[in-house]
file entry-v3.cif (mmCIF, C-alpha atoms)
data_coords
#
loop_
_atom_site.label_atom_id
_atom_site.label_comp_id
_atom_site.auth_asym_id
_atom_site.auth_seq_id
_atom_site.Cartn_x
_atom_site.Cartn_y
_atom_site.Cartn_z
CA MET A 271 -30.29 -9.22 43.21
CA LYS A 272 -31.78 -6.72 40.80
CA SER A 273 -35.22 -7.50 39.46
CA PHE A 274 -35.71 -8.09 35.76
CA LYS A 275 -37.74 -4.87 35.59
CA ALA A 276 -34.89 -2.92 37.21
CA HIS A 277 -32.46 -4.39 34.72
CA ILE A 278 -34.68 -3.29 31.84
CA LEU A 279 -34.94 0.24 33.25
CA LEU A 280 -31.16 0.44 33.65
CA THR A 281 -30.66 -0.78 30.11
CA GLU A 282 -33.11 1.78 28.73
CA ALA A 283 -31.30 4.54 30.61
CA LYS A 284 -27.98 3.54 29.09
CA ASP A 285 -29.51 3.40 25.63
CA ARG A 286 -30.94 6.90 26.12
CA PHE A 287 -27.51 8.18 27.19
CA ILE A 288 -25.94 6.71 24.06
CA LYS A 289 -28.59 8.25 21.81
CA LYS A 290 -28.17 11.70 23.38
CA ASN A 291 -24.38 11.70 23.47
CA ARG A 292 -23.10 14.23 20.92
CA ASN A 293 -19.69 12.60 20.83
CA PHE A 294 -21.10 9.76 18.69
CA SER A 295 -22.27 9.76 15.09
CA ASP A 296 -25.63 8.14 14.32
CA GLU A 297 -23.86 5.07 12.91
CA GLN A 298 -21.73 4.75 16.05
CA LYS A 299 -24.81 5.03 18.28
CA ASP A 300 -26.55 2.22 16.39
CA GLU A 301 -23.40 0.08 16.53
CA ILE A 302 -22.92 0.51 20.29
CA ILE A 303 -26.58 -0.11 21.18
CA LYS A 304 -26.69 -3.21 18.99
CA PHE A 305 -23.49 -4.55 20.57
CA PHE A 306 -24.77 -4.24 24.15
CA SER A 307 -28.18 -5.64 23.22
CA GLN A 308 -26.36 -8.82 22.17
CA ASN A 309 -23.70 -8.74 24.90
CA ARG A 310 -25.30 -7.46 28.11
CA GLN A 311 -22.54 -8.94 30.23
CA ALA A 312 -20.10 -6.52 28.57
CA GLU A 313 -21.83 -3.54 30.26
CA GLY A 314 -19.74 -4.18 33.36
CA ASP A 315 -16.57 -3.42 31.41
CA VAL A 316 -17.64 0.19 30.78
CA ASP A 317 -17.17 2.99 33.33
CA TRP A 318 -20.64 4.53 33.05
CA ASN A 319 -19.77 7.15 35.71
CA ARG A 320 -17.77 8.90 32.98
CA SER A 321 -20.82 9.08 30.74
CA ALA A 322 -20.60 12.82 30.03
CA LYS A 323 -17.00 12.55 28.79
CA MET A 324 -17.14 9.20 27.05
CA THR A 325 -16.20 8.97 23.39
CA TYR A 326 -16.47 6.24 20.82
CA ASP A 327 -12.94 5.12 21.68
CA ASP A 328 -14.11 4.04 25.16
CA PHE A 329 -16.62 1.66 23.60
CA PHE A 330 -14.37 0.63 20.76
CA GLU A 331 -11.85 -0.75 23.24
CA VAL A 332 -14.53 -2.95 24.82
CA MET A 333 -16.11 -4.04 21.55
CA SER A 334 -12.83 -4.92 19.85
CA ARG A 335 -11.42 -6.90 22.77
CA TYR A 336 -14.56 -8.43 24.27
CA LYS A 337 -14.91 -12.16 23.83
CA SER A 338 -18.30 -12.89 22.35
CA GLY A 339 -19.79 -15.01 19.58
CA ARG A 340 -21.62 -13.49 16.66
CA LYS A 341 -25.30 -12.52 17.20
CA GLY A 342 -25.11 -13.21 20.91
CA ASN A 343 -24.11 -16.83 20.48
CA ASN A 344 -21.29 -17.62 22.92
CA LYS A 345 -20.06 -20.52 20.80
CA SER A 346 -17.90 -19.56 17.87
CA THR A 347 -17.60 -21.90 14.92
CA LYS A 348 -14.17 -23.40 14.33
CA MET A 349 -13.03 -22.57 10.82
CA LYS A 350 -11.37 -24.83 8.30
CA CYS A 351 -8.93 -22.54 6.52
CA PRO A 352 -8.04 -23.70 3.01
CA SER A 353 -4.49 -22.85 1.96
CA ASN A 354 -5.34 -23.07 -1.74
CA LEU A 355 -8.10 -20.73 -2.89
CA LYS A 356 -10.06 -21.10 -6.10
CA GLY A 357 -8.69 -19.08 -8.98
CA LEU A 358 -5.67 -17.79 -7.04
CA LYS A 359 -2.09 -18.96 -6.49
CA LYS A 360 -0.70 -19.00 -2.97
CA GLY A 361 2.44 -16.87 -2.68
CA GLU A 362 1.79 -15.19 -6.01
CA ASP A 363 -1.71 -13.79 -5.52
CA TYR A 364 -2.13 -13.97 -1.74
CA VAL A 365 -0.58 -14.95 1.59
CA HIS A 366 -2.33 -17.33 3.97
CA LEU A 367 -1.64 -15.71 7.36
CA LYS A 368 -1.48 -18.21 10.22
CA ILE A 369 -3.05 -17.11 13.52
CA ASN A 370 -3.83 -18.81 16.85
CA ASN A 371 -7.58 -18.13 16.81
CA PRO A 372 -9.32 -21.31 15.52
CA ASN A 373 -12.54 -19.45 14.67
CA TYR A 374 -11.15 -17.32 11.85
CA CYS A 375 -9.10 -17.50 8.66
CA THR A 376 -6.88 -14.63 7.55
CA TYR A 377 -5.53 -13.85 4.09
CA ILE A 378 -3.58 -10.99 2.48
CA PRO A 379 -4.14 -10.21 -1.24
CA LEU A 380 -0.91 -9.22 -2.97
CA HIS A 381 -2.40 -7.19 -5.81
CA TYR A 382 -5.57 -5.39 -6.85
CA GLU A 383 -7.01 -8.20 -8.97
CA ALA A 384 -6.77 -10.56 -5.98
CA ALA A 385 -8.49 -8.00 -3.73
CA LYS A 386 -11.38 -7.83 -6.19
CA LEU A 387 -11.86 -11.58 -5.84
CA PHE A 388 -11.57 -11.47 -2.04
CA ASN A 389 -14.45 -8.99 -2.05
CA THR A 390 -16.68 -11.70 -3.52
CA GLU A 391 -17.94 -15.04 -2.22
CA ARG A 392 -16.11 -16.82 -5.06
CA VAL A 393 -12.91 -17.13 -3.03
CA ILE A 394 -13.97 -17.37 0.61
CA GLY A 395 -16.62 -15.87 2.87
CA THR A 396 -20.35 -15.47 3.00
CA SER A 397 -21.13 -12.99 0.23
CA SER A 398 -19.83 -10.09 -1.83
CA ARG A 399 -18.74 -7.01 0.11
CA PRO A 400 -18.03 -3.43 -1.07
CA TRP A 401 -14.57 -2.77 0.37
CA CYS A 402 -12.99 0.05 -1.58
CA ILE A 403 -9.56 -1.58 -2.00
CA GLY A 404 -11.21 -4.29 -4.12
CA ASP A 405 -13.67 -2.03 -5.95
CA SER A 406 -14.26 -3.66 -9.33
CA ARG A 407 -14.70 -0.24 -10.98
CA THR A 408 -11.37 1.34 -10.08
CA ASP A 409 -8.05 0.60 -8.40
CA ASN A 410 -7.73 4.12 -6.97
CA GLU A 411 -8.23 3.06 -3.33
CA TRP A 412 -5.91 0.08 -3.66
CA ILE A 413 -3.21 2.46 -4.83
CA ASN A 414 -4.06 4.97 -2.10
CA HIS A 415 -4.07 2.54 0.84
CA CYS A 416 -1.76 -0.32 -0.18
CA VAL A 417 0.81 1.37 -2.44
CA ASN A 418 1.02 5.00 -1.33
CA LYS A 419 0.21 4.59 2.39
CA GLU A 420 1.83 1.12 2.51
CA GLU A 421 -1.04 -0.37 4.52
CA ILE A 422 -1.55 -4.14 4.46
CA PRO A 423 -5.08 -5.49 3.97
CA VAL A 424 -5.89 -8.60 6.00
CA TYR A 425 -9.18 -10.29 5.12
CA VAL A 426 -10.61 -11.90 8.27
CA VAL A 427 -13.25 -14.58 7.65
CA GLY A 428 -15.28 -16.49 10.25
CA ASN A 429 -18.45 -16.63 12.38
CA ASP A 430 -20.58 -16.04 9.28
CA GLY A 431 -18.84 -12.76 8.56
CA LYS A 432 -15.96 -11.12 6.75
CA TRP A 433 -13.92 -8.02 7.65
CA VAL A 434 -10.85 -6.17 6.39
CA VAL A 435 -8.19 -5.20 8.92
CA MET A 436 -5.72 -2.63 7.62
CA ILE A 437 -2.26 -2.99 9.19
CA GLN A 438 -0.73 0.50 9.34
CA SER A 439 2.69 1.22 7.87
CA ASN A 440 4.59 0.92 11.19
CA ASN A 441 2.96 -2.43 12.07
CA ASP A 442 1.70 -0.98 15.37
CA LYS A 443 -1.92 0.00 14.68
CA VAL A 444 -4.93 -1.40 12.85
CA GLU A 445 -8.15 -0.15 11.30
CA ILE A 446 -11.12 -2.52 11.12
CA TRP A 447 -13.58 -2.10 8.28
CA ASP A 448 -16.93 -3.81 8.70
CA GLU A 449 -18.96 -5.64 6.08
CA ASN A 450 -20.53 -2.43 4.80
CA ASN A 451 -17.16 -0.72 4.27
CA ARG A 452 -18.04 1.59 7.15
CA SER A 453 -15.81 3.27 9.68
CA PRO A 454 -12.22 2.29 10.42
CA ARG A 455 -13.37 1.48 13.96
CA GLY A 456 -15.33 -1.72 13.77
CA TYR A 457 -14.97 -4.78 15.98
CA ILE A 458 -14.80 -8.48 15.23
CA PRO A 459 -16.51 -10.88 17.68
CA ASP A 460 -14.09 -13.12 19.57
CA PHE A 461 -11.14 -11.69 17.65
CA ASP A 462 -8.52 -9.33 19.06
CA PRO A 463 -6.63 -7.88 16.04
CA TYR A 464 -3.80 -6.57 18.20
CA LYS A 465 -3.22 -9.97 19.72
CA GLU A 466 -3.76 -12.03 16.57
CA LEU A 467 -2.12 -9.82 13.95
CA LEU A 468 0.42 -7.53 15.64
CA ASP A 469 3.48 -9.27 17.00
CA SER A 470 7.19 -9.00 16.28
CA LYS A 471 7.24 -12.37 14.50
CA LYS A 472 4.91 -11.05 11.80
CA ASN A 473 6.79 -7.78 11.21
CA LYS A 474 9.25 -9.35 8.77
CA LEU A 475 6.41 -10.92 6.81
CA TYR A 476 4.48 -7.63 6.64
CA ASN A 477 7.54 -5.79 5.35
CA GLU A 478 8.06 -8.45 2.69
CA VAL A 479 4.39 -8.20 1.72
CA ARG A 480 4.70 -4.43 1.34
CA ASN A 481 7.62 -4.90 -1.02
CA THR A 482 5.66 -7.44 -3.04
CA ILE A 483 2.58 -5.22 -3.28
CA ILE A 484 4.68 -2.28 -4.46
CA GLN A 485 6.54 -4.44 -6.98
CA ASN A 486 3.27 -5.85 -8.30
CA TYR A 487 2.20 -2.30 -9.07
CA SER A 488 5.57 -1.10 -10.32
CA PHE A 489 6.09 0.26 -13.81
CA ILE A 490 8.81 -2.36 -14.31
CA LYS A 491 6.12 -5.03 -14.76
CA ASN A 492 5.31 -3.55 -18.17
CA ALA A 493 8.93 -3.17 -19.29
CA GLU A 494 11.13 -5.53 -21.29
CA ILE A 495 14.34 -6.28 -19.41
CA SER A 496 17.16 -8.80 -19.72
CA LYS A 497 17.19 -11.97 -17.62
CA ASP A 498 20.38 -11.07 -15.78
CA VAL A 499 19.12 -7.81 -14.24
CA GLU A 500 19.54 -6.98 -10.58
CA TYR A 501 17.29 -4.45 -8.84
CA TYR A 502 15.58 -3.92 -5.52
CA TYR A 503 13.15 -1.56 -3.83
CA LYS A 504 13.98 1.00 -1.17
CA GLY A 505 10.55 1.89 0.10
CA LYS A 506 8.57 2.69 -3.03
CA ASP A 507 11.68 3.63 -5.04
CA LEU A 508 13.10 1.20 -7.59
CA VAL A 509 16.88 0.89 -7.46
CA TRP A 510 18.41 -0.58 -10.63
CA VAL A 511 21.79 -2.19 -9.89
CA SER A 512 22.79 -3.78 -13.18
CA GLY A 513 21.50 -5.39 -16.34
CA THR A 514 19.88 -4.20 -19.58
CA TRP A 515 16.66 -2.20 -19.95
CA ILE A 516 15.43 -3.19 -23.41
CA SER A 517 12.26 -1.10 -23.71
CA GLY A 518 9.50 0.46 -21.67
CA THR A 519 8.82 3.53 -19.52
CA TRP A 520 10.91 4.33 -16.45
CA GLU A 521 8.78 6.46 -14.11
CA ASP A 522 11.05 7.15 -11.13
CA GLY A 523 13.83 5.69 -9.02
CA ASN A 524 17.61 5.34 -8.90
CA TRP A 525 19.72 3.87 -11.71
CA LYS A 526 23.09 2.79 -10.30
CA ASP A 527 24.59 1.04 -13.33
CA GLY A 528 23.65 -0.96 -16.40
CA ALA A 529 22.74 -0.57 -20.05
CA TRP A 530 19.71 1.29 -21.37
CA ARG A 531 18.81 0.18 -24.88
CA SER A 532 15.64 2.17 -25.58
CA GLY A 533 12.49 3.50 -23.94
CA ASP A 534 11.14 6.55 -22.12
CA TRP A 535 12.80 7.95 -19.00
CA GLN A 536 10.28 10.09 -17.09
CA GLY A 537 12.24 10.93 -13.94
CA GLY A 538 14.71 9.79 -11.31
CA VAL A 539 18.47 9.75 -10.77
CA TRP A 540 20.95 8.18 -13.20
CA GLU A 541 24.25 7.53 -11.39
CA LYS A 542 26.22 5.81 -14.14
CA GLY A 543 25.84 3.37 -17.00
CA ILE A 544 25.46 3.26 -20.78
CA TRP A 545 22.57 4.95 -22.58
CA GLU A 546 22.23 3.59 -26.13
CA ASP A 547 19.04 5.26 -27.32
CA GLY A 548 15.67 6.51 -26.13
CA TYR A 549 13.84 9.54 -24.79
CA TRP A 550 14.93 11.37 -21.65
CA HIS A 551 11.98 13.46 -20.47
CA ASN A 552 13.24 14.62 -17.08
CA GLY A 553 15.55 13.67 -14.23
CA TYR A 554 19.09 14.04 -12.92
CA TRP A 555 22.08 12.55 -14.76
CA LYS A 556 25.14 12.24 -12.53
CA SER A 557 27.55 10.39 -14.80
CA GLY A 558 27.72 7.83 -17.58
CA THR A 559 27.93 7.49 -21.34
CA TRP A 560 25.21 8.73 -23.71
CA TYR A 561 25.39 7.36 -27.27
CA ASN A 562 22.16 8.52 -28.88
CA GLY A 563 18.63 9.67 -28.20
CA ILE A 564 16.60 12.79 -27.42
CA TRP A 565 17.04 14.81 -24.22
CA TYR A 566 13.98 16.95 -23.49
CA ARG A 567 14.78 18.44 -20.07
CA GLY A 568 16.50 17.74 -16.78
CA THR A 569 19.99 18.27 -15.34
CA TRP A 570 23.21 16.76 -16.73
CA LYS A 571 25.97 16.79 -14.09
CA ASP A 572 28.82 14.91 -15.78
CA GLY A 573 29.55 12.21 -18.36
CA ILE A 574 30.29 11.71 -22.05
CA TRP A 575 27.78 12.69 -24.74
CA TYR A 576 28.51 11.08 -28.12
CA ASN A 577 25.47 11.91 -30.21
CA GLY A 578 21.81 12.82 -30.04
CA GLU A 579 19.50 15.81 -29.83
CA TRP A 580 19.51 18.11 -26.81
CA LYS A 581 16.25 20.07 -26.80
CA SER A 582 16.37 21.73 -23.37
CA GLY A 583 17.71 21.38 -19.84
CA ILE A 584 20.77 22.27 -17.78
CA TRP A 585 24.28 21.08 -18.71
CA GLU A 586 26.62 21.52 -15.72
CA GLY A 587 29.69 19.60 -16.90
CA GLY A 588 31.06 16.72 -18.95
CA THR A 589 32.31 16.11 -22.48
CA TRP A 590 30.27 16.88 -25.62
CA LEU A 591 31.57 14.89 -28.61
CA GLY A 592 28.79 15.42 -31.13
CA GLY A 593 25.11 15.87 -31.72
CA GLU A 594 22.64 18.74 -32.06
CA TRP A 595 22.14 21.36 -29.36
CA LYS A 596 18.73 23.05 -29.73
CA SER A 597 18.30 25.02 -26.53
CA GLY A 598 19.01 25.00 -22.82
CA THR A 599 21.49 26.26 -20.23
CA TRP A 600 25.19 25.41 -20.67
CA ILE A 601 27.36 26.14 -17.63
CA THR A 602 30.64 24.47 -18.55
CA GLY A 603 32.07 21.42 -20.30
CA TYR A 604 34.67 20.03 -22.68
CA ASP A 605 34.69 19.64 -26.45
CA LYS A 606 36.16 16.65 -28.37
CA ASP A 607 39.64 18.13 -28.16
CA GLY A 608 39.51 18.53 -24.40
CA ASN A 609 39.08 22.29 -24.48
CA VAL A 610 36.97 23.93 -21.75
CA ARG A 611 33.83 25.49 -23.19
CA THR A 612 31.60 28.02 -21.39
CA THR A 613 29.10 28.41 -24.23
CA PRO A 614 26.85 25.69 -25.73
CA PRO A 615 27.94 23.54 -28.73
CA ASN A 616 25.84 25.43 -31.28
CA THR A 617 28.16 28.43 -30.78
CA TRP A 618 31.44 26.58 -31.43
#
call {"tool": "encode", "arguments": {"input": "entry-v3.cif", "output": "structure tokens"}}
result
Amino acid sequence: MKSFKAHILLTEAKDRFIKKNRNFSDEQKDEIIKFFSQNRQAEGDVDWNRSAKMTYDDFFEVMSRYKSGRKGNNKSTKMKCPSNLKGLKKGEDYVHLKINNPNYCTYIPLHYEAAKLFNTERVIGTSSRPWCIGDSRTDNEWINHCVNKEEIPVYVVGNDGKWVVMIQSNNDKVEIWDENNRSPRGYIPDFDPYKELLDSKKNKLYNEVRNTIIQNYSFIKNAEISKDVEYYYKGKDLVWVSGTWISGTWEDGNWKDGAWRSGDWQGGVWEKGIWEDGYWHNGYWKSGTWYNGIWYRGTWKDGIWYNGEWKSGIWEGGTWLGGEWKSGTWITGYDKDGNVRTTPPNTW
């Protein structure tokens, strides 16, 4: 049996190796040394003979999967996980994610305002934390991670701590952010995120959550629409199936059919439908009926134009019945008598 003195000398040697290893950042060195000072029994899970080639990933694997209580205490505290959180509505503001580990509670905020609350102690946890997705000053990182990258934030609470685990878009990898919003390679004591959070049964839920997060940040939330509308999301793209758009700004997506009463169209594809009035700023018009409004730019493929002002853009085909042509490129089309025209209406 090794003497206590020999154990201390061995420990000091390992600490010196970690401090001198150029593969680690200063923060990673501090994290690794602190972990092994609290979990000496975990040293046997590391192949120290590979010391010259070891990277942070070698230690991350041990730290993330090693079963240990917080601050060296081998007894984790069983958590009571409330389903209803103060100031938030379950299913509307967050999802209570059920896991097998009794020592932790897991929740998914469904929009930026909920993430801001999860960053504080007002909802659940020990104290306020600075995670960027819930930054009270700006929603830029929420948009970046949760909308654009389609990552899912899981708040993990237990053992006197709180972490954010980001489920990647394919539901096959995670990033763990510690309580100081540092490094996507943290570890959670007595919690294996791959075992607890990544399984085929949760994939359907994660995909539904992604849809909800995107919808909660969609431009359609600020629009006025009829009650009988039908639409869905294909990835981040809004697909309008039917119904009436009363007013608001359409940013992007695919309009399959329906009635547009008024508003601003910024971009996307219009397949067919009735345009009553409004401002077309850019996009691609495949077919449909245009009654009135202002067309600024974009491409008109086919359809019937009754009235309105055409300021610029490309007209590839269709029937022009009336209105004012200011400028643009006319390739071909029909006039009100059915005659083929190869020059724009202002020359007729």
call {"tool": "resolve_selection", "arguments": {"input": "entry-v3.cif", "expression": "the PyMOL selection byres ((chain A and resi 402-408) around 8)", "output": "PyMOL selection string"}}
result
chain A and resi 382-389+400-401+409-412+415+451
call {"tool": "atom_distance", "arguments": {"input": "entry-v3.cif", "atom1": "CA of Thr569 (chain A)", "atom2": "CA of Glu586 (chain A)"}}
result
7.4 Å
call {"tool": "closest_residue", "arguments": {"input": "entry-v3.cif", "among": "A:His381, A:Arg480, A:Lys556, A:Arg531", "to": "Tyr364 (chain A)", "atoms": "only C-alpha atoms"}}
result
A:His381
call {"tool": "resolve_selection", "arguments": {"input": "entry-v3.cif", "expression": "the PyMOL selection byres ((chain A and resi 570-573) around 8)", "output": "ChimeraX atom specification"}}
result
/A:554-560,568-569,574-575,583-589
call {"tool": "axis_aligned_box", "arguments": {"input": "entry-v3.cif", "around": "region 466-481 of chain A", "padding_each_side": "6 Å", "output": "JSON"}}
result
{"center_x": 2.7, "center_y": -8.4, "center_z": 8.0, "size_x": 25.0, "size_y": 19.9, "size_z": 30.0}
call {"tool": "atom_distance", "arguments": {"input": "entry-v3.cif", "atom1": "CA of Thr514 (chain A)", "atom2": "CA of Ile495 (chain A)"}}
result
5.9 Å
call {"tool": "atom_distance", "arguments": {"input": "entry-v3.cif", "atom1": "CA of Tyr326 (chain A)", "atom2": "CA of Ile302 (chain A)"}}
result
8.6 Å
call {"tool": "closest_residue", "arguments": {"input": "entry-v3.cif", "among": "A:Asn481, A:Arg567, A:Asn418, A:Val332", "to": "Tyr457 (chain A)", "atoms": "only C-alpha atoms"}}
result
A:Val332
call {"tool": "resolve_selection", "arguments": {"input": "entry-v3.cif", "expression": "the PyMOL selection byres ((chain A and resi 598) around 8)", "output": "list in words"}}
result
Trp580, Lys581, Ser582, Gly583, Ile584, Trp585, Lys596, Ser597, Thr599 and Trp600 of chain A
call {"tool": "closest_residue", "arguments": {"input": "entry-v3.cif", "among": "A:Gly543, A:Val444, A:Tyr464, A:Thr376", "to": "Gly428 (chain A)", "atoms": "all atoms listed in the file"}}
result
A:Thr376
call {"tool": "residues_around", "arguments": {"input": "entry-v3.cif", "residues": "Pro463 (chain A)", "least_positions_apart": "4", "cutoff": "12 Å", "atoms": "only C-alpha atoms", "output": "PyMOL selection string"}}
result
chain A and resi 331+333-336+369-371+374+376+424-426+433-437+441-447+455-459+467-469
call {"tool": "closest_residue", "arguments": {"input": "entry-v3.cif", "among": "A:Leu355, A:Val427, A:Ile601, A:Leu475", "to": "Asn373 (chain A)", "atoms": "only C-alpha atoms"}}
result
A:Val427
call {"tool": "closest_residue", "arguments": {"input": "entry-v3.cif", "among": "A:Asp460, A:Glu541, A:Asp547, A:Glu297", "to": "Asn309 (chain A)", "atoms": "only C-alpha atoms"}}
result
A:Asp460
call {"tool": "closest_residue", "arguments": {"input": "entry-v3.cif", "among": "A:Gly431, A:Pro379, A:Asn291, A:Cys416", "to": "Glu391 (chain A)", "atoms": "all atoms listed in the file"}}
result
A:Gly431
call {"tool": "residues_around", "arguments": {"input": "entry-v3.cif", "residues": "Tyr561 (chain A)", "least_positions_apart": "6", "cutoff": "8 Å", "atoms": "all atoms listed in the file", "output": "number ranges by chain"}}
result
A: 544-547, 575-578
call {"tool": "decode", "arguments": {"input": "entry-v3.cif", "residues": "region 395-469 of chain A", "atoms": "C-alpha atoms", "output": "mmCIF file, in the first residue's frame"}}
result
data_model
loop_
_atom_site.group_PDB
_atom_site.id
_atom_site.type_symbol
_atom_site.label_atom_id
_atom_site.label_comp_id
_atom_site.auth_asym_id
_atom_site.auth_seq_id
_atom_site.Cartn_x
_atom_site.Cartn_y
_atom_site.Cartn_z
ATOM 1 C CA GLY A 395 -32.106 27.425 -8.690
ATOM 2 C CA THR A 396 -29.634 28.924 -6.301
ATOM 3 C CA SER A 397 -28.929 32.377 -7.720
ATOM 4 C CA SER A 398 -28.806 34.506 -10.842
ATOM 5 C CA ARG A 399 -26.464 33.322 -13.589
ATOM 6 C CA PRO A 400 -25.124 35.128 -16.693
ATOM 7 C CA TRP A 401 -25.966 32.696 -19.489
ATOM 8 C CA CYS A 402 -26.000 34.598 -22.755
ATOM 9 C CA ILE A 403 -29.249 33.094 -24.098
ATOM 10 C CA GLY A 404 -31.106 34.779 -21.225
ATOM 11 C CA ASP A 405 -29.123 38.026 -21.208
ATOM 12 C CA SER A 406 -31.515 40.700 -19.957
ATOM 13 C CA ARG A 407 -29.843 43.334 -22.160
ATOM 14 C CA THR A 408 -30.290 41.692 -25.559
ATOM 15 C CA ASP A 409 -31.856 38.686 -27.261
ATOM 16 C CA ASN A 410 -29.036 38.377 -29.811
ATOM 17 C CA GLU A 411 -27.637 35.115 -28.393
ATOM 18 C CA TRP A 412 -31.086 33.572 -28.000
ATOM 19 C CA ILE A 413 -31.664 34.215 -31.692
ATOM 20 C CA ASN A 414 -28.186 32.952 -32.586
ATOM 21 C CA HIS A 415 -28.319 29.679 -30.633
ATOM 22 C CA CYS A 416 -32.008 28.776 -30.374
ATOM 23 C CA VAL A 417 -33.508 30.200 -33.582
ATOM 24 C CA ASN A 418 -30.711 30.256 -36.163
ATOM 25 C CA LYS A 419 -28.679 27.238 -34.962
ATOM 26 C CA GLU A 420 -31.809 25.436 -33.699
ATOM 27 C CA GLU A 421 -30.143 24.404 -30.431
ATOM 28 C CA ILE A 422 -32.338 23.521 -27.456
ATOM 29 C CA PRO A 423 -31.425 24.962 -24.042
ATOM 30 C CA VAL A 424 -31.996 22.590 -21.122
ATOM 31 C CA TYR A 425 -31.628 24.165 -17.676
ATOM 32 C CA VAL A 426 -30.311 21.533 -15.262
ATOM 33 C CA VAL A 427 -30.842 22.320 -11.572
ATOM 34 C CA GLY A 428 -29.639 20.309 -8.556
ATOM 35 C CA ASN A 429 -26.859 19.698 -6.014
ATOM 36 C CA ASP A 430 -26.776 23.414 -5.188
ATOM 37 C CA GLY A 431 -25.990 24.325 -8.772
ATOM 38 C CA LYS A 432 -27.474 25.223 -12.121
ATOM 39 C CA TRP A 433 -26.181 24.564 -15.649
ATOM 40 C CA VAL A 434 -27.352 24.976 -19.241
ATOM 41 C CA VAL A 435 -27.005 22.012 -21.586
ATOM 42 C CA MET A 436 -27.401 22.916 -25.252
ATOM 43 C CA ILE A 437 -28.844 20.064 -27.331
ATOM 44 C CA GLN A 438 -27.377 20.372 -30.829
ATOM 45 C CA SER A 439 -29.597 20.481 -33.908
ATOM 46 C CA ASN A 440 -29.255 16.756 -34.753
ATOM 47 C CA ASN A 441 -30.058 15.647 -31.182
ATOM 48 C CA ASP A 442 -26.766 13.735 -31.003
ATOM 49 C CA LYS A 443 -24.384 16.072 -29.167
ATOM 50 C CA VAL A 444 -24.471 18.448 -26.207
ATOM 51 C CA GLU A 445 -22.558 21.452 -24.920
ATOM 52 C CA ILE A 446 -22.488 22.084 -21.169
ATOM 53 C CA TRP A 447 -22.205 25.660 -19.959
ATOM 54 C CA ASP A 448 -21.179 26.129 -16.344
ATOM 55 C CA GLU A 449 -22.498 28.655 -13.852
ATOM 56 C CA ASN A 450 -20.135 31.359 -15.090
ATOM 57 C CA ASN A 451 -21.222 30.978 -18.721
ATOM 58 C CA ARG A 452 -17.781 29.532 -19.450
ATOM 59 C CA SER A 453 -16.720 26.957 -21.983
ATOM 60 C CA PRO A 454 -19.062 24.582 -23.798
ATOM 61 C CA ARG A 455 -17.186 21.729 -22.097
ATOM 62 C CA GLY A 456 -18.235 21.722 -18.487
ATOM 63 C CA TYR A 457 -19.350 18.753 -16.424
ATOM 64 C CA ILE A 458 -22.235 18.214 -14.031
ATOM 65 C CA PRO A 459 -21.605 16.062 -10.931
ATOM 66 C CA ASP A 460 -23.528 12.783 -10.934
ATOM 67 C CA PHE A 461 -25.237 13.688 -14.198
ATOM 68 C CA ASP A 462 -24.509 12.126 -17.582
ATOM 69 C CA PRO A 463 -26.138 14.416 -20.206
ATOM 70 C CA TYR A 464 -25.853 11.805 -22.938
ATOM 71 C CA LYS A 465 -27.654 9.237 -20.849
ATOM 72 C CA GLU A 466 -30.239 11.563 -19.317
ATOM 73 C CA LEU A 467 -31.033 13.833 -22.260
ATOM 74 C CA LEU A 468 -30.168 12.045 -25.504
ATOM 75 C CA ASP A 469 -32.392 9.119 -26.358
#
